[in-house]
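Just upload.cif here, mmCIF, N, CA and C atoms:
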```cif
data_input
#
loop_
_atom_site.label_atom_id
_atom_site.label_comp_id
_atom_site.auth_asym_id
_atom_site.auth_seq_id
_atom_site.Cartn_x
_atom_site.Cartn_y
_atom_site.Cartn_z
N LEU A 97 -13.71 -9.15 -13.32
CA LEU A 97 -14.62 -8.60 -12.33
C LEU A 97 -14.71 -9.55 -11.13
N LEU A 98 -14.75 -10.84 -11.43
CA LEU A 98 -14.81 -11.83 -10.36
C LEU A 98 -13.54 -11.81 -9.52
N ARG A 99 -12.40 -11.64 -10.18
CA ARG A 99 -11.12 -11.59 -9.48
C ARG A 99 -11.05 -10.37 -8.55
N GLU A 100 -11.57 -9.24 -9.02
CA GLU A 100 -11.58 -8.04 -8.20
C GLU A 100 -12.50 -8.22 -6.99
N ALA A 101 -13.67 -8.83 -7.22
CA ALA A 101 -14.60 -9.08 -6.12
C ALA A 101 -13.98 -10.03 -5.10
N GLN A 102 -13.27 -11.06 -5.58
CA GLN A 102 -12.61 -12.00 -4.69
C GLN A 102 -11.53 -11.30 -3.87
N ALA A 103 -10.76 -10.41 -4.52
CA ALA A 103 -9.71 -9.69 -3.81
C ALA A 103 -10.31 -8.80 -2.72
N ARG A 104 -11.40 -8.14 -3.02
CA ARG A 104 -12.06 -7.29 -2.01
C ARG A 104 -12.62 -8.12 -0.86
N PHE A 105 -13.18 -9.28 -1.21
CA PHE A 105 -13.70 -10.19 -0.18
C PHE A 105 -12.57 -10.68 0.71
N ASP A 106 -11.44 -11.06 0.11
CA ASP A 106 -10.27 -11.51 0.87
C ASP A 106 -9.78 -10.41 1.79
N ASN A 107 -9.79 -9.18 1.29
CA ASN A 107 -9.36 -8.03 2.09
C ASN A 107 -10.28 -7.86 3.30
N LEU A 108 -11.57 -7.95 3.09
CA LEU A 108 -12.52 -7.82 4.20
C LEU A 108 -12.34 -8.95 5.22
N GLN A 109 -12.12 -10.15 4.73
CA GLN A 109 -11.88 -11.27 5.64
C GLN A 109 -10.63 -11.03 6.49
N ARG A 110 -9.56 -10.56 5.87
CA ARG A 110 -8.32 -10.29 6.58
C ARG A 110 -8.54 -9.21 7.64
N GLN A 111 -9.25 -8.16 7.27
CA GLN A 111 -9.52 -7.08 8.23
C GLN A 111 -10.35 -7.59 9.41
N LEU A 112 -11.32 -8.44 9.13
CA LEU A 112 -12.14 -9.01 10.20
C LEU A 112 -11.31 -9.91 11.12
N ARG A 113 -10.40 -10.70 10.54
CA ARG A 113 -9.53 -11.54 11.36
C ARG A 113 -8.66 -10.68 12.27
N GLU A 114 -8.10 -9.59 11.72
CA GLU A 114 -7.25 -8.70 12.52
C GLU A 114 -8.06 -8.07 13.65
N LEU A 115 -9.27 -7.61 13.34
CA LEU A 115 -10.13 -6.99 14.34
C LEU A 115 -10.51 -8.00 15.42
N PHE A 116 -10.84 -9.22 15.00
CA PHE A 116 -11.21 -10.26 15.95
C PHE A 116 -10.05 -10.58 16.88
N THR A 117 -8.85 -10.75 16.32
CA THR A 117 -7.67 -11.06 17.12
C THR A 117 -7.38 -9.94 18.11
N GLU A 118 -7.43 -8.71 17.63
CA GLU A 118 -7.18 -7.56 18.51
C GLU A 118 -8.22 -7.49 19.62
N THR A 119 -9.48 -7.73 19.31
CA THR A 119 -10.55 -7.70 20.31
C THR A 119 -10.36 -8.79 21.35
N CYS A 120 -9.98 -9.98 20.89
CA CYS A 120 -9.74 -11.08 21.83
C CYS A 120 -8.60 -10.73 22.79
N HIS A 121 -7.53 -10.14 22.27
CA HIS A 121 -6.40 -9.74 23.13
C HIS A 121 -6.84 -8.70 24.15
N ARG A 122 -7.64 -7.75 23.72
CA ARG A 122 -8.09 -6.70 24.64
C ARG A 122 -9.00 -7.26 25.72
N LEU A 123 -9.92 -8.16 25.33
CA LEU A 123 -10.82 -8.76 26.30
C LEU A 123 -10.07 -9.63 27.30
N ALA A 124 -9.00 -10.25 26.85
CA ALA A 124 -8.19 -11.09 27.75
C ALA A 124 -7.24 -10.25 28.59
N GLY A 125 -7.21 -8.95 28.36
CA GLY A 125 -6.34 -8.07 29.12
C GLY A 125 -4.90 -8.11 28.68
N GLU A 126 -4.65 -8.66 27.51
CA GLU A 126 -3.30 -8.74 26.99
C GLU A 126 -2.92 -7.45 26.30
N ALA A 127 -1.65 -7.18 26.30
CA ALA A 127 -1.16 -6.00 25.59
C ALA A 127 -1.20 -6.26 24.10
N GLY A 128 -1.25 -5.20 23.36
CA GLY A 128 -1.23 -5.29 21.90
C GLY A 128 0.17 -5.60 21.41
N PRO A 129 0.42 -5.36 20.16
CA PRO A 129 1.75 -5.61 19.60
C PRO A 129 2.80 -4.79 20.35
N PRO A 130 3.99 -5.35 20.55
CA PRO A 130 5.00 -4.67 21.34
C PRO A 130 5.54 -3.40 20.71
N ALA A 131 5.58 -3.34 19.40
CA ALA A 131 6.16 -2.17 18.74
C ALA A 131 5.21 -0.98 18.84
N ALA A 132 5.75 0.16 19.22
CA ALA A 132 4.93 1.37 19.27
C ALA A 132 4.63 1.82 17.85
N PRO A 133 3.39 2.20 17.58
CA PRO A 133 3.06 2.62 16.22
C PRO A 133 3.78 3.91 15.85
N LEU A 134 4.13 4.01 14.60
CA LEU A 134 4.78 5.23 14.12
C LEU A 134 3.79 6.36 14.08
N GLN A 135 4.25 7.54 14.37
CA GLN A 135 3.42 8.72 14.21
C GLN A 135 3.31 9.02 12.72
N ALA A 136 2.31 9.76 12.33
CA ALA A 136 2.03 10.01 10.91
C ALA A 136 3.24 10.55 10.14
N PRO A 137 3.95 11.58 10.62
CA PRO A 137 5.09 12.07 9.84
C PRO A 137 6.18 11.01 9.67
N ASP A 138 6.39 10.19 10.70
CA ASP A 138 7.39 9.13 10.61
C ASP A 138 6.97 8.08 9.58
N LEU A 139 5.71 7.74 9.55
CA LEU A 139 5.22 6.76 8.59
C LEU A 139 5.33 7.31 7.17
N LEU A 140 4.98 8.58 6.99
CA LEU A 140 5.10 9.19 5.67
C LEU A 140 6.55 9.15 5.20
N GLY A 141 7.47 9.49 6.08
CA GLY A 141 8.89 9.46 5.74
C GLY A 141 9.37 8.06 5.43
N ALA A 142 8.89 7.08 6.21
CA ALA A 142 9.29 5.69 5.97
C ALA A 142 8.76 5.19 4.63
N ILE A 143 7.54 5.57 4.30
CA ILE A 143 6.96 5.17 3.01
C ILE A 143 7.77 5.78 1.87
N LEU A 144 8.07 7.06 1.97
CA LEU A 144 8.84 7.71 0.90
C LEU A 144 10.25 7.14 0.78
N ALA A 145 10.89 6.87 1.91
CA ALA A 145 12.24 6.32 1.87
C ALA A 145 12.25 4.93 1.23
N GLU A 146 11.30 4.10 1.60
CA GLU A 146 11.24 2.75 1.02
C GLU A 146 10.85 2.81 -0.45
N PHE A 147 9.95 3.71 -0.79
CA PHE A 147 9.57 3.91 -2.19
C PHE A 147 10.79 4.29 -3.02
N ASP A 148 11.55 5.26 -2.53
CA ASP A 148 12.75 5.70 -3.24
C ASP A 148 13.77 4.56 -3.39
N ALA A 149 13.95 3.78 -2.32
CA ALA A 149 14.90 2.66 -2.38
C ALA A 149 14.46 1.62 -3.41
N LEU A 150 13.18 1.26 -3.40
CA LEU A 150 12.68 0.29 -4.38
C LEU A 150 12.78 0.84 -5.80
N LEU A 151 12.50 2.11 -5.95
CA LEU A 151 12.57 2.74 -7.27
C LEU A 151 14.00 2.71 -7.81
N ARG A 152 14.96 2.96 -6.95
CA ARG A 152 16.36 2.95 -7.38
C ARG A 152 16.88 1.53 -7.61
N GLU A 153 16.57 0.63 -6.69
CA GLU A 153 17.21 -0.68 -6.69
C GLU A 153 16.52 -1.71 -7.57
N ARG A 154 15.22 -1.74 -7.57
CA ARG A 154 14.53 -2.85 -8.20
C ARG A 154 13.62 -2.46 -9.36
N TYR A 155 13.10 -1.25 -9.33
CA TYR A 155 12.10 -0.85 -10.32
C TYR A 155 12.52 0.38 -11.12
N SER A 156 13.81 0.59 -11.28
CA SER A 156 14.28 1.77 -12.01
C SER A 156 13.88 1.72 -13.48
N HIS A 157 13.81 0.54 -14.04
CA HIS A 157 13.44 0.41 -15.45
C HIS A 157 11.96 0.70 -15.70
N GLN A 158 11.12 0.42 -14.72
CA GLN A 158 9.68 0.65 -14.87
C GLN A 158 9.26 2.05 -14.44
N ARG A 159 10.06 2.67 -13.56
CA ARG A 159 9.75 3.98 -12.98
C ARG A 159 8.44 3.97 -12.20
N ARG A 160 8.06 2.80 -11.71
CA ARG A 160 6.89 2.67 -10.84
C ARG A 160 7.09 1.47 -9.94
N VAL A 161 6.55 1.57 -8.74
CA VAL A 161 6.71 0.53 -7.72
C VAL A 161 5.34 -0.05 -7.39
N PRO A 162 5.21 -1.37 -7.40
CA PRO A 162 3.93 -1.96 -6.99
C PRO A 162 3.65 -1.66 -5.52
N VAL A 163 2.42 -1.28 -5.24
CA VAL A 163 2.03 -0.94 -3.87
C VAL A 163 2.23 -2.14 -2.95
N TYR A 164 1.88 -3.33 -3.43
CA TYR A 164 1.99 -4.51 -2.58
C TYR A 164 3.44 -4.75 -2.15
N GLU A 165 4.39 -4.46 -3.03
CA GLU A 165 5.81 -4.64 -2.70
C GLU A 165 6.24 -3.64 -1.62
N LEU A 166 5.81 -2.41 -1.76
CA LEU A 166 6.13 -1.38 -0.76
C LEU A 166 5.51 -1.75 0.58
N ARG A 167 4.25 -2.17 0.57
CA ARG A 167 3.56 -2.53 1.82
C ARG A 167 4.27 -3.70 2.50
N ARG A 168 4.66 -4.71 1.74
CA ARG A 168 5.31 -5.89 2.32
C ARG A 168 6.68 -5.53 2.89
N ASN A 169 7.43 -4.67 2.20
CA ASN A 169 8.73 -4.25 2.73
C ASN A 169 8.58 -3.48 4.04
N LEU A 170 7.58 -2.60 4.09
CA LEU A 170 7.35 -1.85 5.33
C LEU A 170 6.93 -2.78 6.46
N ALA A 171 6.12 -3.78 6.15
CA ALA A 171 5.69 -4.73 7.18
C ALA A 171 6.90 -5.48 7.74
N ARG A 172 7.84 -5.86 6.89
CA ARG A 172 9.04 -6.54 7.36
C ARG A 172 9.91 -5.62 8.21
N LYS A 173 10.01 -4.37 7.82
CA LYS A 173 10.90 -3.44 8.53
C LYS A 173 10.27 -2.81 9.77
N LEU A 174 8.99 -2.47 9.67
CA LEU A 174 8.35 -1.71 10.75
C LEU A 174 7.26 -2.47 11.50
N GLY A 175 6.91 -3.64 11.01
CA GLY A 175 5.86 -4.43 11.63
C GLY A 175 4.55 -4.32 10.87
N PRO A 176 3.68 -5.29 11.09
CA PRO A 176 2.42 -5.33 10.34
C PRO A 176 1.48 -4.16 10.61
N ALA A 177 1.56 -3.55 11.78
CA ALA A 177 0.67 -2.43 12.08
C ALA A 177 0.93 -1.25 11.14
N ALA A 178 2.19 -0.98 10.86
CA ALA A 178 2.53 0.15 9.98
C ALA A 178 2.06 -0.10 8.54
N ALA A 179 1.96 -1.37 8.16
CA ALA A 179 1.58 -1.70 6.79
C ALA A 179 0.10 -2.06 6.66
N SER A 180 -0.65 -1.95 7.74
CA SER A 180 -2.07 -2.29 7.69
C SER A 180 -2.82 -1.29 6.81
N HIS A 181 -3.94 -1.74 6.30
CA HIS A 181 -4.75 -0.86 5.45
C HIS A 181 -5.20 0.38 6.21
N ASP A 182 -5.43 0.23 7.51
CA ASP A 182 -5.88 1.37 8.32
C ASP A 182 -4.84 2.46 8.44
N ARG A 183 -3.57 2.12 8.39
CA ARG A 183 -2.50 3.11 8.57
C ARG A 183 -1.81 3.45 7.25
N PHE A 184 -1.47 2.43 6.48
CA PHE A 184 -0.70 2.63 5.26
C PHE A 184 -1.52 3.36 4.18
N ASP A 185 -2.75 2.92 3.94
CA ASP A 185 -3.55 3.49 2.86
C ASP A 185 -3.80 4.99 3.03
N PRO A 186 -4.24 5.45 4.22
CA PRO A 186 -4.41 6.90 4.38
C PRO A 186 -3.10 7.68 4.21
N ALA A 187 -2.00 7.08 4.65
CA ALA A 187 -0.70 7.76 4.50
C ALA A 187 -0.33 7.90 3.03
N VAL A 188 -0.54 6.85 2.25
CA VAL A 188 -0.25 6.90 0.82
C VAL A 188 -1.16 7.91 0.12
N LYS A 189 -2.42 7.93 0.50
CA LYS A 189 -3.36 8.88 -0.10
C LYS A 189 -2.99 10.32 0.26
N LEU A 190 -2.49 10.52 1.47
CA LEU A 190 -2.04 11.85 1.88
C LEU A 190 -0.83 12.28 1.05
N LEU A 191 0.10 11.36 0.84
CA LEU A 191 1.27 11.67 0.00
C LEU A 191 0.83 12.04 -1.42
N ARG A 192 -0.22 11.39 -1.89
CA ARG A 192 -0.75 11.74 -3.22
C ARG A 192 -1.36 13.14 -3.18
N GLN A 193 -2.10 13.45 -2.14
CA GLN A 193 -2.69 14.79 -2.02
C GLN A 193 -1.62 15.86 -1.93
N GLN A 194 -0.51 15.54 -1.32
CA GLN A 194 0.60 16.48 -1.20
C GLN A 194 1.43 16.54 -2.48
N ASN A 195 1.03 15.80 -3.49
CA ASN A 195 1.69 15.76 -4.79
C ASN A 195 3.14 15.27 -4.68
N ARG A 196 3.34 14.30 -3.78
CA ARG A 196 4.68 13.72 -3.60
C ARG A 196 4.83 12.39 -4.32
N ILE A 197 3.70 11.71 -4.56
CA ILE A 197 3.68 10.48 -5.34
C ILE A 197 2.42 10.48 -6.20
N ARG A 198 2.38 9.58 -7.15
CA ARG A 198 1.21 9.41 -8.00
C ARG A 198 0.74 7.96 -7.84
N LEU A 199 -0.56 7.77 -7.64
CA LEU A 199 -1.15 6.44 -7.57
C LEU A 199 -1.69 6.07 -8.95
N VAL A 200 -1.36 4.87 -9.40
CA VAL A 200 -1.77 4.42 -10.72
C VAL A 200 -2.60 3.15 -10.57
N PRO A 201 -3.83 3.15 -11.09
CA PRO A 201 -4.65 1.94 -10.99
C PRO A 201 -4.16 0.87 -11.96
N ILE A 202 -4.48 -0.36 -11.64
CA ILE A 202 -4.15 -1.47 -12.53
C ILE A 202 -5.22 -1.52 -13.62
N SER A 203 -4.78 -1.73 -14.84
CA SER A 203 -5.73 -1.74 -15.95
C SER A 203 -6.21 -3.14 -16.30
N ASP A 204 -5.40 -4.15 -16.01
CA ASP A 204 -5.77 -5.53 -16.33
C ASP A 204 -5.54 -6.39 -15.09
N LEU A 205 -6.61 -6.78 -14.45
CA LEU A 205 -6.52 -7.53 -13.19
C LEU A 205 -6.04 -8.96 -13.39
N ARG A 206 -6.03 -9.46 -14.61
CA ARG A 206 -5.66 -10.86 -14.86
C ARG A 206 -4.20 -11.15 -14.53
N ASP A 207 -3.35 -10.15 -14.59
CA ASP A 207 -1.92 -10.38 -14.35
C ASP A 207 -1.54 -10.29 -12.88
N ALA A 208 -2.47 -9.93 -12.03
CA ALA A 208 -2.18 -9.77 -10.60
C ALA A 208 -2.82 -10.91 -9.81
N THR A 209 -2.13 -11.33 -8.77
CA THR A 209 -2.71 -12.36 -7.90
C THR A 209 -3.69 -11.71 -6.93
N ALA A 210 -4.51 -12.53 -6.30
CA ALA A 210 -5.46 -12.01 -5.31
C ALA A 210 -4.71 -11.36 -4.15
N ASP A 211 -3.58 -11.95 -3.73
CA ASP A 211 -2.79 -11.36 -2.64
C ASP A 211 -2.23 -9.99 -3.03
N GLN A 212 -1.75 -9.87 -4.27
CA GLN A 212 -1.22 -8.58 -4.72
C GLN A 212 -2.32 -7.53 -4.76
N LEU A 213 -3.49 -7.90 -5.24
CA LEU A 213 -4.60 -6.96 -5.28
C LEU A 213 -5.05 -6.59 -3.87
N ASN A 214 -5.03 -7.57 -2.98
CA ASN A 214 -5.42 -7.33 -1.60
C ASN A 214 -4.45 -6.37 -0.92
N ASP A 215 -3.18 -6.46 -1.27
CA ASP A 215 -2.17 -5.59 -0.66
C ASP A 215 -2.00 -4.26 -1.38
N SER A 216 -2.83 -4.00 -2.39
CA SER A 216 -2.84 -2.71 -3.07
C SER A 216 -3.76 -1.77 -2.32
N VAL A 217 -3.95 -0.58 -2.85
CA VAL A 217 -4.81 0.41 -2.20
C VAL A 217 -6.14 0.48 -2.96
N PRO A 218 -7.24 0.15 -2.28
CA PRO A 218 -8.53 0.20 -2.97
C PRO A 218 -8.96 1.64 -3.22
N GLY A 219 -9.55 1.85 -4.37
CA GLY A 219 -10.11 3.15 -4.72
C GLY A 219 -11.59 2.97 -5.02
N ILE A 220 -12.19 3.98 -5.56
CA ILE A 220 -13.59 3.89 -5.94
C ILE A 220 -13.64 3.30 -7.34
N ASN A 221 -14.15 2.06 -7.43
CA ASN A 221 -14.24 1.33 -8.70
C ASN A 221 -12.89 1.10 -9.36
N GLU A 222 -11.81 1.10 -8.59
CA GLU A 222 -10.50 0.81 -9.14
C GLU A 222 -9.57 0.38 -8.00
N THR A 223 -8.50 -0.25 -8.38
CA THR A 223 -7.49 -0.67 -7.41
C THR A 223 -6.19 0.00 -7.79
N PHE A 224 -5.65 0.82 -6.87
CA PHE A 224 -4.37 1.48 -7.12
C PHE A 224 -3.26 0.46 -6.88
N PHE A 225 -2.54 0.15 -7.92
CA PHE A 225 -1.59 -0.95 -7.91
C PHE A 225 -0.14 -0.48 -7.93
N TYR A 226 0.10 0.72 -8.45
CA TYR A 226 1.47 1.24 -8.58
C TYR A 226 1.60 2.62 -7.96
N LEU A 227 2.82 2.93 -7.55
CA LEU A 227 3.19 4.28 -7.15
C LEU A 227 4.24 4.77 -8.13
N GLU A 228 4.10 5.99 -8.56
CA GLU A 228 5.07 6.61 -9.46
C GLU A 228 5.59 7.89 -8.83
N PRO A 229 6.81 8.26 -9.18
CA PRO A 229 7.31 9.55 -8.70
C PRO A 229 6.57 10.67 -9.43
N VAL A 230 6.42 11.78 -8.76
CA VAL A 230 5.80 12.94 -9.38
C VAL A 230 6.93 13.78 -9.99
N HIS A 231 6.79 14.07 -11.25
CA HIS A 231 7.80 14.88 -11.92
C HIS A 231 7.26 16.29 -12.07
N GLU A 232 8.00 17.23 -11.57
CA GLU A 232 7.60 18.61 -11.69
C GLU A 232 7.79 19.09 -13.13
N PRO A 233 6.90 19.91 -13.62
CA PRO A 233 7.10 20.43 -14.96
C PRO A 233 8.35 21.33 -15.01
N VAL A 234 8.96 21.35 -16.15
CA VAL A 234 10.16 22.17 -16.33
C VAL A 234 9.75 23.65 -16.30
N ALA A 235 10.45 24.43 -15.49
CA ALA A 235 10.14 25.85 -15.37
C ALA A 235 10.58 26.57 -16.64
N PRO A 236 9.76 27.53 -17.12
CA PRO A 236 10.16 28.28 -18.32
C PRO A 236 11.38 29.13 -18.03
N ARG A 237 12.21 29.32 -19.04
CA ARG A 237 13.44 30.13 -18.88
C ARG A 237 13.20 31.58 -19.15
#
```

Written form, structure tokens:
Amino acid sequence: LLREAQARFDNLQRQLRELFTETCHRLAGEAGPPAAPLQAPDLLGAILAEFDALLRERYSHQRRVPVYELRRNLARKLGPAAASHDRFDPAVKLLRQQNRIRLVPISDLRDATADQLNDSVPGINETFFYLEPVHEPVAPR
């Protein structure tokens, strides 16, 4: 419980630092990050493409991909704005609503680092730590 509280606190601190930095840049009249933000459909496609690549290449034996790994890969490829909690989390939740992925909460927080928990998707009284492919039921013959 303490580890989860620490991860949430770290997440809030990170968000405040990002907001503070952005506000300082705006007050100084500086431009924001040079990369144009992806539009929602592009971000959804990028998330699914990276999810599929990780599932094939690195996590095929587990059939699930850690959210933090997906977020970090997107940040490297598309920039930190695309992987921010403000953009990435709603996109992942939308993909879940569209029944394109499944979010799986972590059951034992002891095996995850604070950074991994921070880079996961917070839920209500749970932390979504993995993404799984959605398997359609077999159609009757």

Where does the PyMOL selection byres (((chain A and resi 167 and name CA) around 12) and name CA) land in this file, that is, which residues does it pick, as a PyMOL selection string? chain A and resi 139+142-144+146-147+150+161-166+168-181+183-185+187-188+211-217+225-227

Just give me the gap between atom CA of A:Arg160 and atom CA of A:Arg206 in Å, one decimal is fine.
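One can read the atom CA of A:Arg160 to atom CA of A:Arg206 distance as 18.9 Å.
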
Computed gap from atom CA of A:Leu199 to atom C of A:Thr223 is 8.2 Å

Counting only C-alpha atoms, which residue out of A:Arg99, A:Arg198, A:Arg192, A:Arg104 sits closest to A:Arg159?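 Checking each of A:Arg99, A:Arg198, A:Arg192, A:Arg104 against A:Arg159, counting only C-alpha atoms, the winner is A:Arg198.
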
Kindly give the distance, in Å, that separates atom C of A:His157 and atom CA of A:Arg196, rounded to a single decimal.
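Computing it gives 19.2 Å between the two atoms.
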
- Message: Let's see if you can do this: from backbone DSSP, list all helix (DSSP H, G or I) residues in stretch 132-199 of chain A, as a ChimeraX atom specification.
- Response: /A:136-153,163-174,181-193

Among listed residues A:Gln193, A:Leu140, A:Ala210, A:Asp182, nearest A:Asp106 (using all atoms listed in the file):
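Under the stated criterion, the closest residue is A:Ala210.
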
Q.
What would the selection look like, as a list in words, if the PyMOL selection byres (((chain A and resi 221 and name CA) around 12) and name CA) were run on the coordinates I just shared?
A.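 Written out, the selection comes to Leu97, Glu100, Ala101, Arg104, Pro201, Ile202, Ser203, Val217, Pro218, Gly219, Ile220, Glu222, Thr223 and Phe224 of chain A.
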
Draw an axis-aligned box tight on the listed atoms of stretch 191-201 of chain A, then pad every side by 3 Å and write out centre and edge lengths in Å to one decimal as JSON.
```
{"center_x": 0.1, "center_y": 8.7, "center_z": -5.6, "size_x": 15.5, "size_y": 21.7, "size_z": 18.8}
```
